[in-house]
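Quick look at target-v2.cif (mmCIF, C-alpha atoms):
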data_structure
loop_
_atom_site.label_atom_id
_atom_site.label_comp_id
_atom_site.auth_asym_id
_atom_site.auth_seq_id
_atom_site.Cartn_x
_atom_site.Cartn_y
_atom_site.Cartn_z
CA MET U 213 53.89 -10.62 18.48
CA THR U 214 53.25 -7.17 19.82
CA SER U 215 51.63 -6.67 23.18
CA HIS U 216 50.01 -3.35 23.83
CA ALA U 217 46.68 -1.78 24.73
CA MET U 218 45.82 -0.98 21.11
CA ARG U 219 45.49 -4.70 20.26
CA ASP U 220 42.11 -4.72 22.02
CA ALA U 221 40.61 -1.91 19.91
CA TRP U 222 38.51 -2.29 16.74
CA TYR U 223 39.94 -1.26 13.35
CA PRO U 224 38.48 -0.94 9.84
CA VAL U 225 39.96 -3.39 7.33
CA GLY U 226 37.80 -2.93 4.23
CA LEU U 227 34.60 -1.67 2.65
CA LEU U 228 31.76 -4.19 2.95
CA SER U 229 30.96 -3.41 -0.68
CA GLY U 230 34.49 -4.25 -1.80
CA LEU U 231 35.41 -7.54 -0.09
CA SER U 232 36.74 -10.46 -2.09
CA GLU U 233 35.70 -14.08 -1.46
CA GLY U 234 39.18 -15.23 -2.40
CA GLY U 235 40.61 -13.11 0.41
CA LYS U 236 42.79 -10.01 0.40
CA ASP U 237 46.08 -9.76 2.29
CA SER U 238 46.59 -6.76 4.52
CA LEU U 239 48.34 -5.68 7.71
CA LEU U 240 47.06 -4.71 11.13
CA LEU U 241 49.44 -3.35 13.80
CA GLY U 242 52.32 -4.93 11.87
CA GLU U 243 50.74 -8.41 11.67
CA ASN U 244 49.68 -10.16 8.46
CA ILE U 245 45.93 -10.57 8.13
CA THR U 246 43.66 -11.83 5.34
CA VAL U 247 40.22 -10.32 4.84
CA PHE U 248 37.61 -12.63 3.26
CA GLY U 249 34.29 -11.57 1.75
CA SER U 250 31.39 -13.99 1.66
CA ALA U 251 28.50 -14.54 -0.72
CA THR U 252 26.29 -15.37 2.27
CA GLY U 253 27.11 -12.09 3.98
CA ALA U 254 29.43 -13.34 6.71
CA PRO U 255 32.87 -11.87 6.02
CA SER U 256 35.82 -12.99 8.14
CA VAL U 257 39.39 -12.04 8.99
CA GLU U 258 42.26 -14.44 9.68
CA CYS U 259 45.63 -13.87 11.31
CA SER U 260 48.19 -16.72 11.41
CA GLY U 261 45.45 -19.37 11.25
CA ARG U 262 43.42 -17.58 13.95
CA THR U 263 39.91 -16.28 13.17
CA LEU U 264 39.53 -12.74 14.48
CA PRO U 265 36.30 -11.15 15.79
CA VAL U 266 34.46 -8.99 13.24
CA VAL U 267 31.82 -6.26 13.24
CA ARG U 268 30.04 -4.82 10.19
CA ARG U 269 29.27 -1.14 10.69
CA PHE U 270 29.40 2.22 8.85
CA GLY U 271 29.85 0.41 5.52
CA HIS U 272 33.13 -1.14 6.70
CA LEU U 273 34.34 -4.45 8.10
CA TRP U 274 36.02 -4.05 11.51
CA THR U 275 38.27 -6.45 13.39
CA SER U 276 40.58 -6.68 16.39
CA LEU U 277 43.76 -8.66 17.12
CA GLY U 278 42.91 -8.89 20.81
CA THR U 279 39.82 -9.05 22.97
CA PRO U 280 37.82 -5.82 22.76
CA ASP U 281 36.27 -5.04 26.14
CA LYS U 282 33.50 -3.02 24.51
CA ASP U 283 31.42 -2.97 21.36
CA LEU U 284 32.54 -0.81 18.45
CA PHE U 285 31.27 2.75 18.99
CA THR U 286 28.06 3.93 17.31
CA ILE U 287 27.13 7.16 15.52
CA PRO U 288 23.37 7.43 16.16
CA GLU U 289 23.02 10.61 14.02
CA ALA U 290 24.28 8.70 10.98
CA ASP U 291 21.29 6.31 11.05
CA HIS U 292 18.80 9.00 9.94
CA PRO U 293 17.02 7.55 6.86
CA GLU U 294 17.34 10.77 4.83
CA ARG U 295 21.10 10.87 5.05
CA VAL U 296 23.36 9.86 2.18
CA ARG U 297 26.01 7.47 3.52
CA VAL U 298 29.19 7.76 1.49
CA ASP U 299 31.91 5.10 1.34
CA VAL U 300 34.78 7.30 0.21
CA GLY U 301 37.28 4.46 -0.24
CA VAL U 302 40.84 4.14 0.95
CA VAL U 303 43.93 6.36 0.90
CA ARG U 304 47.29 4.85 1.86
CA VAL U 305 49.45 7.32 3.77
CA LYS U 306 53.09 6.94 4.82
CA CYS U 307 52.53 8.34 8.30
CA SER U 308 51.76 7.27 11.84
CA PRO U 309 48.08 6.33 12.24
CA LEU U 310 47.92 8.67 15.24
CA ARG U 311 49.27 11.57 13.15
CA ALA U 312 46.48 10.97 10.61
CA VAL U 313 43.86 11.30 13.36
CA GLU U 314 45.50 14.34 14.95
CA ASN U 315 45.64 16.20 11.64
CA PHE U 316 41.90 15.52 11.20
CA LEU U 317 41.26 17.19 14.58
CA ASP U 318 43.17 20.34 13.61
CA ILE U 319 41.37 23.34 12.12
CA ALA U 320 44.21 25.88 12.21
CA HIS U 321 45.76 24.36 9.05
CA PHE U 322 42.63 24.87 6.91
CA PRO U 323 43.60 28.29 5.46
CA PHE U 324 47.08 27.06 4.49
CA VAL U 325 46.54 23.45 3.39
CA HIS U 326 42.92 23.59 2.14
CA THR U 327 43.22 27.16 0.86
CA ASP U 328 39.95 28.70 -0.36
CA ILE U 329 38.00 25.51 0.38
CA LEU U 330 37.95 24.76 4.12
CA GLY U 331 39.72 27.99 5.04
CA ALA U 332 40.94 31.33 3.70
CA GLU U 333 44.22 33.07 4.47
CA SER U 334 42.19 36.23 5.18
CA HIS U 335 40.29 34.43 8.01
CA PRO U 336 42.83 32.28 9.89
CA GLU U 337 41.65 33.00 13.45
CA VAL U 338 40.65 30.08 15.67
CA SER U 339 38.33 31.33 18.40
CA GLU U 340 38.09 29.76 21.83
CA TYR U 341 36.34 26.38 22.01
CA LYS U 342 35.66 23.72 24.62
CA VAL U 343 37.59 20.45 24.98
CA GLU U 344 37.01 17.65 27.44
CA ILE U 345 37.74 13.98 28.00
CA ARG U 346 34.29 12.57 28.81
CA ASP U 347 35.05 9.93 31.40
CA GLU U 348 31.57 8.32 31.31
CA VAL U 349 32.04 7.33 27.65
CA ASP U 350 35.85 7.50 27.64
CA GLU U 351 35.98 9.76 24.57
CA VAL U 352 37.67 13.03 23.65
CA TRP U 353 35.20 15.78 22.66
CA ALA U 354 35.73 19.30 21.30
CA THR U 355 32.64 21.51 21.02
CA LYS U 356 31.73 25.09 20.06
CA VAL U 357 34.46 25.11 17.42
CA GLU U 358 33.72 27.89 14.92
CA PHE U 359 35.58 28.67 11.71
CA PHE U 360 35.05 30.72 8.55
CA GLN U 361 35.01 28.49 5.47
CA PRO U 362 34.90 29.63 1.81
CA GLN U 363 33.39 26.28 0.73
CA ALA U 364 32.52 24.19 3.78
CA ALA U 365 30.99 21.30 1.83
CA ARG U 366 30.16 20.21 -1.67
CA SER U 367 26.63 21.52 -0.95
CA ALA U 368 27.79 24.97 0.27
CA GLY U 369 27.15 27.87 -2.11
CA GLY U 370 29.57 30.40 -0.62
CA GLY U 371 31.54 31.35 2.48
CA ILE U 372 29.94 30.59 5.86
CA THR U 373 30.99 30.41 9.49
CA THR U 374 30.84 26.69 10.19
CA GLU U 375 30.34 25.17 13.61
CA TYR U 376 32.16 21.94 14.38
CA MET U 377 32.18 19.23 17.05
CA TYR U 378 34.94 16.65 17.15
CA ARG U 379 34.79 13.28 18.83
CA VAL U 380 37.52 10.64 19.30
CA PRO U 381 35.76 7.38 20.26
CA ALA U 382 38.68 5.00 19.51
CA PRO U 383 42.46 5.47 19.26
CA THR U 384 42.53 5.65 15.44
CA CYS U 385 39.02 6.94 14.71
CA ALA U 386 37.61 10.45 14.78
CA VAL U 387 34.14 11.75 14.01
CA LEU U 388 33.41 15.30 12.95
CA TYR U 389 29.96 16.90 13.21
CA LYS U 390 29.65 20.12 11.21
CA THR U 391 27.04 22.66 10.15
CA CYS U 392 25.00 21.23 7.30
CA PRO U 393 24.58 23.98 4.67
CA PRO U 394 21.22 22.83 3.20
CA ARG U 395 19.68 21.94 6.59
CA PRO U 396 20.33 24.50 9.36
CA GLY U 397 20.10 22.91 12.80
CA ALA U 398 21.28 19.49 11.64
CA TRP U 399 24.87 18.19 11.58
CA ASP U 400 26.74 16.58 8.72
CA VAL U 401 28.80 13.61 9.93
CA ILE U 402 32.29 13.05 8.52
CA ALA U 403 34.41 10.30 10.00
CA LEU U 404 38.00 9.21 9.59
CA PHE U 405 38.57 5.52 10.24
CA VAL U 406 42.27 4.65 10.24
CA GLN U 407 43.67 1.14 9.80
CA PRO U 408 47.17 1.07 11.37
CA LEU U 409 49.30 -1.09 9.03
CA THR U 410 52.57 -0.34 10.83
CA GLU U 411 53.70 2.44 13.15
CA ASP U 412 54.41 4.70 10.19
CA LEU U 413 52.03 3.44 7.49
CA CYS U 414 48.25 3.49 7.46
CA ASP U 415 45.18 3.01 5.31
CA VAL U 416 42.67 5.79 5.86
CA TRP U 417 38.99 5.09 5.22
CA PRO U 418 37.01 8.35 5.26
CA TRP U 419 33.24 7.95 5.59
CA MET U 420 30.37 10.44 5.54
CA ALA U 421 26.66 10.59 6.41
CA LEU U 422 25.27 13.82 4.93
CA PHE U 423 22.02 15.59 4.21
CA ASP U 424 22.61 16.33 0.54
CA ASP U 425 20.04 15.24 -2.01
CA GLU U 426 21.51 17.31 -4.84
CA SER U 427 25.17 16.40 -5.28
CA ALA U 428 26.09 13.29 -7.26
CA LEU U 429 27.77 10.59 -5.17
CA THR U 430 30.85 10.85 -7.37
CA ASP U 431 31.13 14.58 -6.62
CA LEU U 432 30.82 13.98 -2.86
CA ILE U 433 33.60 11.39 -3.04
CA HIS U 434 35.78 13.65 -5.20
CA PHE U 435 35.36 16.54 -2.74
CA GLN U 436 36.50 14.38 0.18
CA GLN U 437 39.37 12.88 -1.81
CA LEU U 438 40.59 16.34 -2.83
CA ILE U 439 40.67 17.43 0.81
CA PHE U 440 42.38 14.29 2.01
CA LEU U 441 45.04 14.31 -0.70
CA GLN U 442 45.95 17.85 0.38
CA ASP U 443 46.35 16.46 3.91
CA ARG U 444 48.45 13.55 2.68
CA SER U 445 51.24 15.78 1.40
CA ILE U 446 51.47 17.29 4.89
CA LEU U 447 51.19 13.99 6.77
CA GLU U 448 53.96 12.31 4.80
CA ASN U 449 56.39 15.13 5.61
CA GLN U 450 55.84 15.47 9.33
CA ILE U 451 58.85 15.27 11.64
CA PRO U 452 59.23 13.26 13.82
CA LYS U 453 57.35 10.48 12.03
CA ARG U 454 55.76 9.22 15.24
CA LEU U 455 53.41 11.33 17.32
CA PRO U 456 55.30 12.80 20.28
CA LEU U 457 53.47 12.20 23.56
CA ASP U 458 56.06 14.11 25.57
CA PRO U 459 54.52 17.57 26.22
CA ALA U 460 57.99 19.17 26.11
CA LYS U 461 58.49 18.14 22.49
CA GLU U 462 56.20 20.59 20.69
CA THR U 463 54.73 24.05 21.28
CA PRO U 464 50.93 23.97 21.39
CA THR U 465 48.77 27.10 21.27
CA ARG U 466 45.15 27.56 22.30
CA ALA U 467 44.05 26.37 18.85
CA ASP U 468 45.66 22.98 19.57
CA LEU U 469 43.65 22.07 22.69
CA THR U 470 41.91 19.15 20.93
CA SER U 471 45.26 17.70 19.96
CA VAL U 472 46.61 18.19 23.48
CA ALA U 473 43.61 16.31 24.92
CA TYR U 474 43.95 13.54 22.29
CA ARG U 475 47.63 13.02 23.18
CA ARG U 476 46.87 13.03 26.90
CA TRP U 477 44.07 10.47 26.38
CA LEU U 478 46.36 8.22 24.26
CA LYS U 479 49.04 8.35 26.94
CA ARG U 480 46.55 7.60 29.73
CA HIS U 481 45.46 4.40 27.93
CA ASN U 482 48.92 3.38 26.71
CA PHE U 483 47.69 3.75 23.12
CA THR U 484 51.26 4.19 21.92
CA TYR U 485 51.46 2.29 18.61
CA GLY U 486 52.68 5.04 16.24
CA ALA U 487 53.71 7.29 19.13
CA GLN U 488 57.08 8.51 20.34
CA LEU U 489 57.39 8.44 24.11
CA VAL U 490 60.91 9.78 24.55
CA ALA U 491 61.90 13.04 22.92
CA GLY U 492 64.37 12.31 20.16
CA MET O 208 57.25 20.08 9.20
CA ARG O 209 60.32 21.54 7.47
CA LEU O 210 60.17 25.25 6.70
CA SER O 211 61.63 24.47 3.28
CA HIS O 212 58.12 23.30 2.30
CA GLY O 213 56.84 26.80 3.09
CA PHE O 214 57.03 30.06 1.19
CA VAL O 215 58.30 33.61 1.54
CA ARG O 216 55.74 36.22 2.58
CA GLY O 217 57.17 39.74 2.73
CA GLU O 218 60.24 39.65 4.96
CA THR O 219 59.19 36.40 6.63
CA LEU O 220 59.23 32.67 5.91
CA SER O 221 55.75 31.17 6.24
CA CYS O 222 55.26 27.53 7.29
CA ILE O 223 53.07 25.56 4.88
CA TYR O 224 51.15 23.79 7.68
CA HIS O 225 49.71 26.51 9.94
CA GLY O 226 51.20 29.65 8.40
CA TRP O 227 53.44 30.54 11.35
CA ARG O 228 55.81 33.27 10.14
CA PHE O 229 59.47 33.47 11.05
CA GLY O 230 61.83 36.44 10.65
CA ALA O 231 65.44 36.38 9.48
CA ASP O 232 66.55 36.06 13.12
CA GLY O 233 64.52 32.82 13.43
CA ALA O 234 61.99 34.31 15.84
CA CYS O 235 58.30 33.63 15.27
CA ARG O 236 56.61 36.87 14.19
CA LYS O 237 53.02 35.74 13.75
CA ILE O 238 50.68 32.86 14.58
CA PRO O 239 47.71 33.37 12.23
CA ALA O 240 45.29 31.28 14.35
CA HIS O 241 45.76 33.89 17.11
CA PRO O 242 46.19 37.25 15.36
CA ALA O 243 46.15 39.26 18.61
CA LEU O 244 48.90 37.19 20.21
CA VAL O 245 52.49 38.45 20.21
CA PRO O 246 54.47 35.20 19.84
CA PRO O 247 56.76 34.59 22.84
CA ARG O 248 60.49 34.91 22.14
CA THR O 249 60.93 31.25 23.06
CA ILE O 250 59.31 30.26 19.73
CA SER O 251 62.22 30.29 17.33
CA CYS O 252 63.25 28.01 14.48
CA GLY O 253 66.98 28.13 15.27
CA PRO O 254 68.50 29.88 12.25
CA LEU O 255 71.96 29.04 10.87
CA PRO O 256 74.54 31.50 9.56
CA VAL O 257 74.32 31.63 5.76
CA ALA O 258 76.26 33.10 2.84
CA GLU O 259 75.54 33.34 -0.88
CA CYS O 260 78.12 32.47 -3.50
CA ASN O 261 77.86 31.37 -7.16
CA GLY O 262 74.07 31.47 -6.87
CA THR O 263 74.25 28.91 -4.07
CA VAL O 264 73.17 29.32 -0.46
CA TRP O 265 75.71 27.99 2.03
CA ALA O 266 74.97 27.30 5.70
CA ALA O 267 77.15 26.39 8.66
CA ALA O 268 76.48 25.28 12.22
CA LYS O 269 78.65 28.19 13.47
CA ARG O 270 79.78 31.13 11.37
CA PRO O 271 83.20 30.11 9.93
CA ASP O 272 86.08 32.59 9.84
CA HIS O 273 86.13 32.50 6.04
CA GLU O 274 83.63 32.96 3.21
CA PRO O 275 82.59 30.03 0.97
CA VAL O 276 84.99 29.25 -1.89
CA ALA O 277 84.05 31.27 -4.98
CA TYR O 278 84.31 29.45 -8.32
CA ASP O 279 85.09 32.26 -10.76
CA GLY O 280 83.10 32.18 -13.97
CA TYR O 281 80.66 29.54 -12.68
CA MET O 282 76.96 29.78 -11.83
CA ALA O 283 74.49 27.37 -10.20
CA LEU O 284 72.39 25.61 -12.83
CA ARG O 285 70.15 23.41 -10.71
CA SER O 286 70.02 21.09 -7.73
CA VAL O 287 68.93 17.48 -7.35
CA VAL O 288 68.49 15.20 -4.34
CA ILE O 289 69.99 11.74 -4.81
CA ALA O 290 68.87 8.93 -2.51
CA ALA O 291 72.36 7.55 -1.87
CA SER O 292 75.50 8.24 0.15
CA CYS O 293 77.98 11.00 -0.70
CA ALA O 294 80.62 8.33 -1.36
CA ALA O 295 78.39 6.57 -3.90
CA VAL O 296 77.73 9.84 -5.75
CA GLU O 297 81.45 10.70 -5.87
CA THR O 298 82.32 7.22 -7.16
CA ALA O 299 79.69 7.55 -9.89
CA CYS O 300 80.82 10.94 -11.15
CA GLN O 301 84.55 10.03 -10.95
CA GLY O 302 85.29 13.67 -10.33
CA ALA O 303 88.60 15.19 -9.28
CA ARG O 304 88.33 17.20 -6.07
CA ALA O 305 88.77 20.92 -6.57
CA HIS O 306 88.37 23.23 -3.57
CA GLY O 307 85.49 21.25 -2.07
CA ALA O 308 83.76 20.66 -5.38
CA SER O 309 83.87 17.63 -7.60
CA LYS O 310 85.04 18.40 -11.14
CA THR O 311 82.88 16.27 -13.41
CA ARG O 312 82.07 15.92 -17.10
CA LEU O 313 78.31 15.98 -17.61
CA GLY O 314 76.64 16.04 -21.03
CA GLY O 315 80.02 16.65 -22.64
CA HIS O 316 80.80 19.75 -20.55
CA ASP O 317 82.96 20.54 -17.52
CA THR O 318 80.88 21.07 -14.40
CA LEU O 319 81.49 21.44 -10.68
CA LEU O 320 79.31 19.51 -8.25
CA VAL O 321 78.93 20.66 -4.67
CA MET O 322 77.30 18.18 -2.33
CA ASN O 323 75.67 18.02 1.05
CA GLY O 324 74.95 14.55 2.40
CA TYR O 325 72.29 15.71 4.85
CA ALA O 326 71.08 12.22 5.75
CA PRO O 327 72.74 8.78 5.52
CA ASN O 328 70.88 8.12 2.28
CA ALA O 329 70.25 11.59 0.83
CA VAL O 330 72.63 13.93 -0.92
CA LEU O 331 71.78 17.40 -2.16
CA VAL O 332 73.83 17.97 -5.33
CA ILE O 333 74.14 21.45 -6.85
CA VAL O 334 75.66 21.61 -10.31
CA LEU O 335 77.70 24.68 -11.26
CA VAL O 336 78.30 25.45 -14.95
CA ALA O 337 80.23 28.10 -16.88
CA GLU O 338 78.30 31.39 -16.87
CA THR O 339 78.69 31.48 -20.65
CA MET O 340 77.13 28.04 -21.16
CA PRO O 341 74.52 28.22 -23.95
CA VAL O 342 71.00 26.85 -23.36
CA ALA O 343 71.62 23.64 -25.31
CA GLY O 344 74.60 22.86 -23.08
CA ARG O 345 72.61 23.56 -19.92
CA LEU O 346 69.88 21.19 -21.07
CA ALA O 347 72.43 18.46 -21.85
CA ILE O 348 74.01 18.87 -18.39
CA SER O 349 70.63 18.78 -16.69
CA THR O 350 69.68 15.60 -18.53
CA ALA O 351 73.05 14.00 -17.68
CA LEU O 352 72.55 14.91 -14.00
CA GLU O 353 69.20 13.08 -14.00
CA ALA O 354 70.90 10.06 -15.60
CA LEU O 355 73.61 10.19 -12.91
CA ARG O 356 70.91 10.20 -10.22
CA ARG O 357 69.19 7.16 -11.72
CA THR O 358 72.47 5.28 -12.04
CA VAL O 359 73.51 5.86 -8.43
CA GLU O 360 70.05 5.06 -7.06
CA THR O 361 69.95 1.84 -9.11
CA TRP O 362 73.28 0.75 -7.60
CA GLY O 363 71.78 1.37 -4.17
CA ARG O 364 68.83 -0.88 -4.90
CA ALA O 365 71.04 -3.64 -6.37
CA ALA O 366 73.40 -3.65 -3.37
#

Whole structure given in structure tokens:
Amino acid sequence: MTSHAMRDAWYPVGLLSGLSEGGKDSLLLGENITVFGSATGAPSVECSGRTLPVVRRFGHLWTSLGTPDKDLFTIPEADHPERVRVDVGVVRVKCSPLRAVENFLDIAHFPFVHTDILGAESHPEVSEYKVEIRDEVDEVWATKVEFFQPQAARSAGGGITTEYMYRVPAPTCAVLYKTCPPRPGAWDVIALFVQPLTEDLCDVWPWMALFDDESALTDLIHFQQLIFLQDRSILENQIPKRLPLDPAKETPTRADLTSVAYRRWLKRHNFTYGAQLVAG
Amino acid sequence: MRLSHGFVRGETLSCIYHGWRFGADGACRKIPAHPALVPPRTISCGPLPVAECNGTVWAAAKRPDHEPVAYDGYMALRSVVIAASCAAVETACQGARAHGASKTRLGGHDTLLVMNGYAPNAVLVIVLVAETMPVAGRLAISTALEALRRTVETWGRAA
């Protein structure tokens, strides 16, 4: 049995729309779990004969191996009745769960990994933005992030300068708020919920809450899958496999301030499952 | 991220992840996210001495006092990575050692295999064939090399 601070956090373990009454075997932080759907709407999760706490939110079932000291975070913007909420599904990635989150927080790779979609090689500059660890909510926030994007969203007609906000409310979850092409002034919400299977294997459950009444649901899902599969080829080749929390190990630039804050916040809380503490 | 996943841009090697560009001396020339920044000299990818021979790139930790062995009349056909140990690959191809290469019959032809076991369970194998080898022969050798890879990797799984 592992004993670390991340046991007390909430993790996604399945889509509410895709649970099976007969149960489905999975892993959480290296431990075997079984996720059960229910015809009466009360899904459950078991681990070695123990019934784990569950929460149903954002279209997913969430659980914890330990005793969460706070409720699962909320995304109030996502509740707007006119938004389309998109269950993207699951992508298994052979990488540290923390690496999957960190890559989601990074914009400097857009021109090179998501070429001509989320970024263009002709516009690679990352301008200055603001990063803070908000102590009152205990979350990492990056704001005033601006980037030129050839096709920012399925609903975008052409290139625009997109504004982003990033939020890390839990060790393996990140929420992105970005300019909504059809509705100036509002934010699209794109979240990455990561289920840590082991320290170097994870199931990633992307989820979106968008203002887009034109695109077919299938097209919205395909757009997000295309982006994430481009990320997967990067994530599975990163060295070292585990996220280094030793500042001496890598060379950050100003564009990496969100990642620097995320690593500092992980270290502060001993959220080290999937991390590398000693340079190696 | 290994630079081998990247690509050549002008006289620099560009990383696939964030497009950082490195010159032949290993020094970082450009960080695209910060176009106005001159990368500090401390950012370097640690280049190795290299030499080209028989269409193959050779590297060494320190520059040796001799050039790589040249195999006259041979050219590099292709490379393959085999998920096994060097010893397992050599056992499978039953080759006689010849100046650092393993002399092996593949697809009915004489070939030379040069190997680099760069991890406990990964060997880069480069197959050298006679420069005069016709296309049909090259295809047969290539196919036999794939078969060799499958054989060795199957042994590994059975063990």

Quiz item: Which residues, written as a ChimeraX atom specification, have at least one atom at most 9 Å from segment 345-358 of chain O, with all atoms listed in the file counted and residues fewer than 5 positions away on the same chain left out?
Solution: /O:284-285,287-291,296,299-300,312-316,318,334,336,340,363

Quiz prompt | Distance filter 7 Å, only C-alpha atoms, chain O against chain U, as a list of chain:residue names | solution =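 Using only C-alpha atoms, chain O residues at most 7 Å from chain U: O:Met208, O:Ile223, O:Tyr224, O:His225, O:Gly226, O:Pro239, O:Ala240, O:His241, O:Pro242.
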
Self-check item: Given the PyMOL selection byres ((chain U and resi 260-272) around 7), the residues it picks as a list of chain:residue names
Solution: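 Applied to this file, the PyMOL selection byres ((chain U and resi 260-272) around 7) returns U:Pro224, U:Gly226, U:Leu227, U:Leu228, U:Ser256, U:Val257, U:Glu258, U:Cys259, U:Leu273, U:Trp274, U:Thr275, U:Ser276, U:Leu277, U:Asp299.
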
For the residues in that selection, give me C-alpha atoms as a PDB file, in the coordinates of the input.
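Below is the file again-v4.pdb, written as the result:
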ATOM      1  CA  PRO U 224      38.480  -0.940   9.840  1.00  0.00           C
ATOM      2  CA  GLY U 226      37.800  -2.930   4.230  1.00  0.00           C
ATOM      3  CA  LEU U 227      34.600  -1.670   2.650  1.00  0.00           C
ATOM      4  CA  LEU U 228      31.760  -4.190   2.950  1.00  0.00           C
ATOM      5  CA  SER U 256      35.820 -12.990   8.140  1.00  0.00           C
ATOM      6  CA  VAL U 257      39.390 -12.040   8.990  1.00  0.00           C
ATOM      7  CA  GLU U 258      42.260 -14.440   9.680  1.00  0.00           C
ATOM      8  CA  CYS U 259      45.630 -13.870  11.310  1.00  0.00           C
ATOM      9  CA  LEU U 273      34.340  -4.450   8.100  1.00  0.00           C
ATOM     10  CA  TRP U 274      36.020  -4.050  11.510  1.00  0.00           C
ATOM     11  CA  THR U 275      38.270  -6.450  13.390  1.00  0.00           C
ATOM     12  CA  SER U 276      40.580  -6.680  16.390  1.00  0.00           C
ATOM     13  CA  LEU U 277      43.760  -8.660  17.120  1.00  0.00           C
ATOM     14  CA  ASP U 299      31.910   5.100   1.340  1.00  0.00           C
TER      15      ASP U 299
END

Evaluating the PyMOL selection byres ((chain O and resi 222) around 10) on the displayed file yields which residues, as a PDB file with C-alpha atoms, keeping the file's coordinate frame?
ATOM      1  CA  PHE U 324      47.080  27.060   4.490  1.00  0.00           C
TER       2      PHE U 324
ATOM      3  CA  MET O 208      57.250  20.080   9.200  1.00  0.00           C
ATOM      4  CA  ARG O 209      60.320  21.540   7.470  1.00  0.00           C
ATOM      5  CA  LEU O 210      60.170  25.250   6.700  1.00  0.00           C
ATOM      6  CA  SER O 211      61.630  24.470   3.280  1.00  0.00           C
ATOM      7  CA  HIS O 212      58.120  23.300   2.300  1.00  0.00           C
ATOM      8  CA  GLY O 213      56.840  26.800   3.090  1.00  0.00           C
ATOM      9  CA  PHE O 214      57.030  30.060   1.190  1.00  0.00           C
ATOM     10  CA  VAL O 215      58.300  33.610   1.540  1.00  0.00           C
ATOM     11  CA  ARG O 216      55.740  36.220   2.580  1.00  0.00           C
ATOM     12  CA  THR O 219      59.190  36.400   6.630  1.00  0.00           C
ATOM     13  CA  LEU O 220      59.230  32.670   5.910  1.00  0.00           C
ATOM     14  CA  SER O 221      55.750  31.170   6.240  1.00  0.00           C
ATOM     15  CA  ILE O 223      53.070  25.560   4.880  1.00  0.00           C
ATOM     16  CA  TYR O 224      51.150  23.790   7.680  1.00  0.00           C
ATOM     17  CA  HIS O 225      49.710  26.510   9.940  1.00  0.00           C
ATOM     18  CA  GLY O 226      51.200  29.650   8.400  1.00  0.00           C
ATOM     19  CA  TRP O 227      53.440  30.540  11.350  1.00  0.00           C
ATOM     20  CA  ARG O 228      55.810  33.270  10.140  1.00  0.00           C
ATOM     21  CA  PHE O 229      59.470  33.470  11.050  1.00  0.00           C
TER      22      PHE O 229
END

Quiz prompt | Spatial neighbours of Pro394 of chain U, max dist 12 Å, all atoms listed in the file, sep filter under 4 positions, as a ChimeraX atom specification | solution = /U:364-370,372,390,398-400,422-427

May I ask you to restore N, CA and C atoms in segment 212-222 of chain O and write the result as a PDB file, in the frame of the given file?
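This went into result-v2.pdb:
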ATOM      1  N   HIS O 212      59.366  23.535   3.038  1.00  0.00           N
ATOM      2  CA  HIS O 212      58.120  23.300   2.300  1.00  0.00           C
ATOM      3  C   HIS O 212      57.270  24.570   2.229  1.00  0.00           C
ATOM      4  N   GLY O 213      57.653  25.586   2.999  1.00  0.00           N
ATOM      5  CA  GLY O 213      56.840  26.800   3.090  1.00  0.00           C
ATOM      6  C   GLY O 213      57.166  27.797   2.002  1.00  0.00           C
ATOM      7  N   PHE O 214      56.809  29.055   2.227  1.00  0.00           N
ATOM      8  CA  PHE O 214      57.030  30.060   1.190  1.00  0.00           C
ATOM      9  C   PHE O 214      57.332  31.413   1.818  1.00  0.00           C
ATOM     10  N   VAL O 215      57.917  32.288   1.034  1.00  0.00           N
ATOM     11  CA  VAL O 215      58.300  33.610   1.540  1.00  0.00           C
ATOM     12  C   VAL O 215      57.103  34.545   1.445  1.00  0.00           C
ATOM     13  N   ARG O 216      56.791  35.206   2.554  1.00  0.00           N
ATOM     14  CA  ARG O 216      55.740  36.220   2.580  1.00  0.00           C
ATOM     15  C   ARG O 216      56.345  37.497   3.142  1.00  0.00           C
ATOM     16  N   GLY O 217      56.513  38.514   2.287  1.00  0.00           N
ATOM     17  CA  GLY O 217      57.170  39.740   2.730  1.00  0.00           C
ATOM     18  C   GLY O 217      58.574  39.425   3.196  1.00  0.00           C
ATOM     19  N   GLU O 218      58.902  39.883   4.409  1.00  0.00           N
ATOM     20  CA  GLU O 218      60.240  39.650   4.960  1.00  0.00           C
ATOM     21  C   GLU O 218      60.267  38.415   5.863  1.00  0.00           C
ATOM     22  N   THR O 219      59.245  37.566   5.745  1.00  0.00           N
ATOM     23  CA  THR O 219      59.190  36.400   6.630  1.00  0.00           C
ATOM     24  C   THR O 219      59.075  35.107   5.805  1.00  0.00           C
ATOM     25  N   LEU O 220      59.398  34.007   6.492  1.00  0.00           N
ATOM     26  CA  LEU O 220      59.230  32.670   5.910  1.00  0.00           C
ATOM     27  C   LEU O 220      57.990  32.077   6.565  1.00  0.00           C
ATOM     28  N   SER O 221      57.035  31.638   5.727  1.00  0.00           N
ATOM     29  CA  SER O 221      55.750  31.170   6.240  1.00  0.00           C
ATOM     30  C   SER O 221      55.681  29.650   6.153  1.00  0.00           C
ATOM     31  N   CYS O 222      55.355  28.998   7.268  1.00  0.00           N
ATOM     32  CA  CYS O 222      55.260  27.530   7.290  1.00  0.00           C
ATOM     33  C   CYS O 222      54.035  27.096   6.496  1.00  0.00           C
TER      34      CYS O 222
END
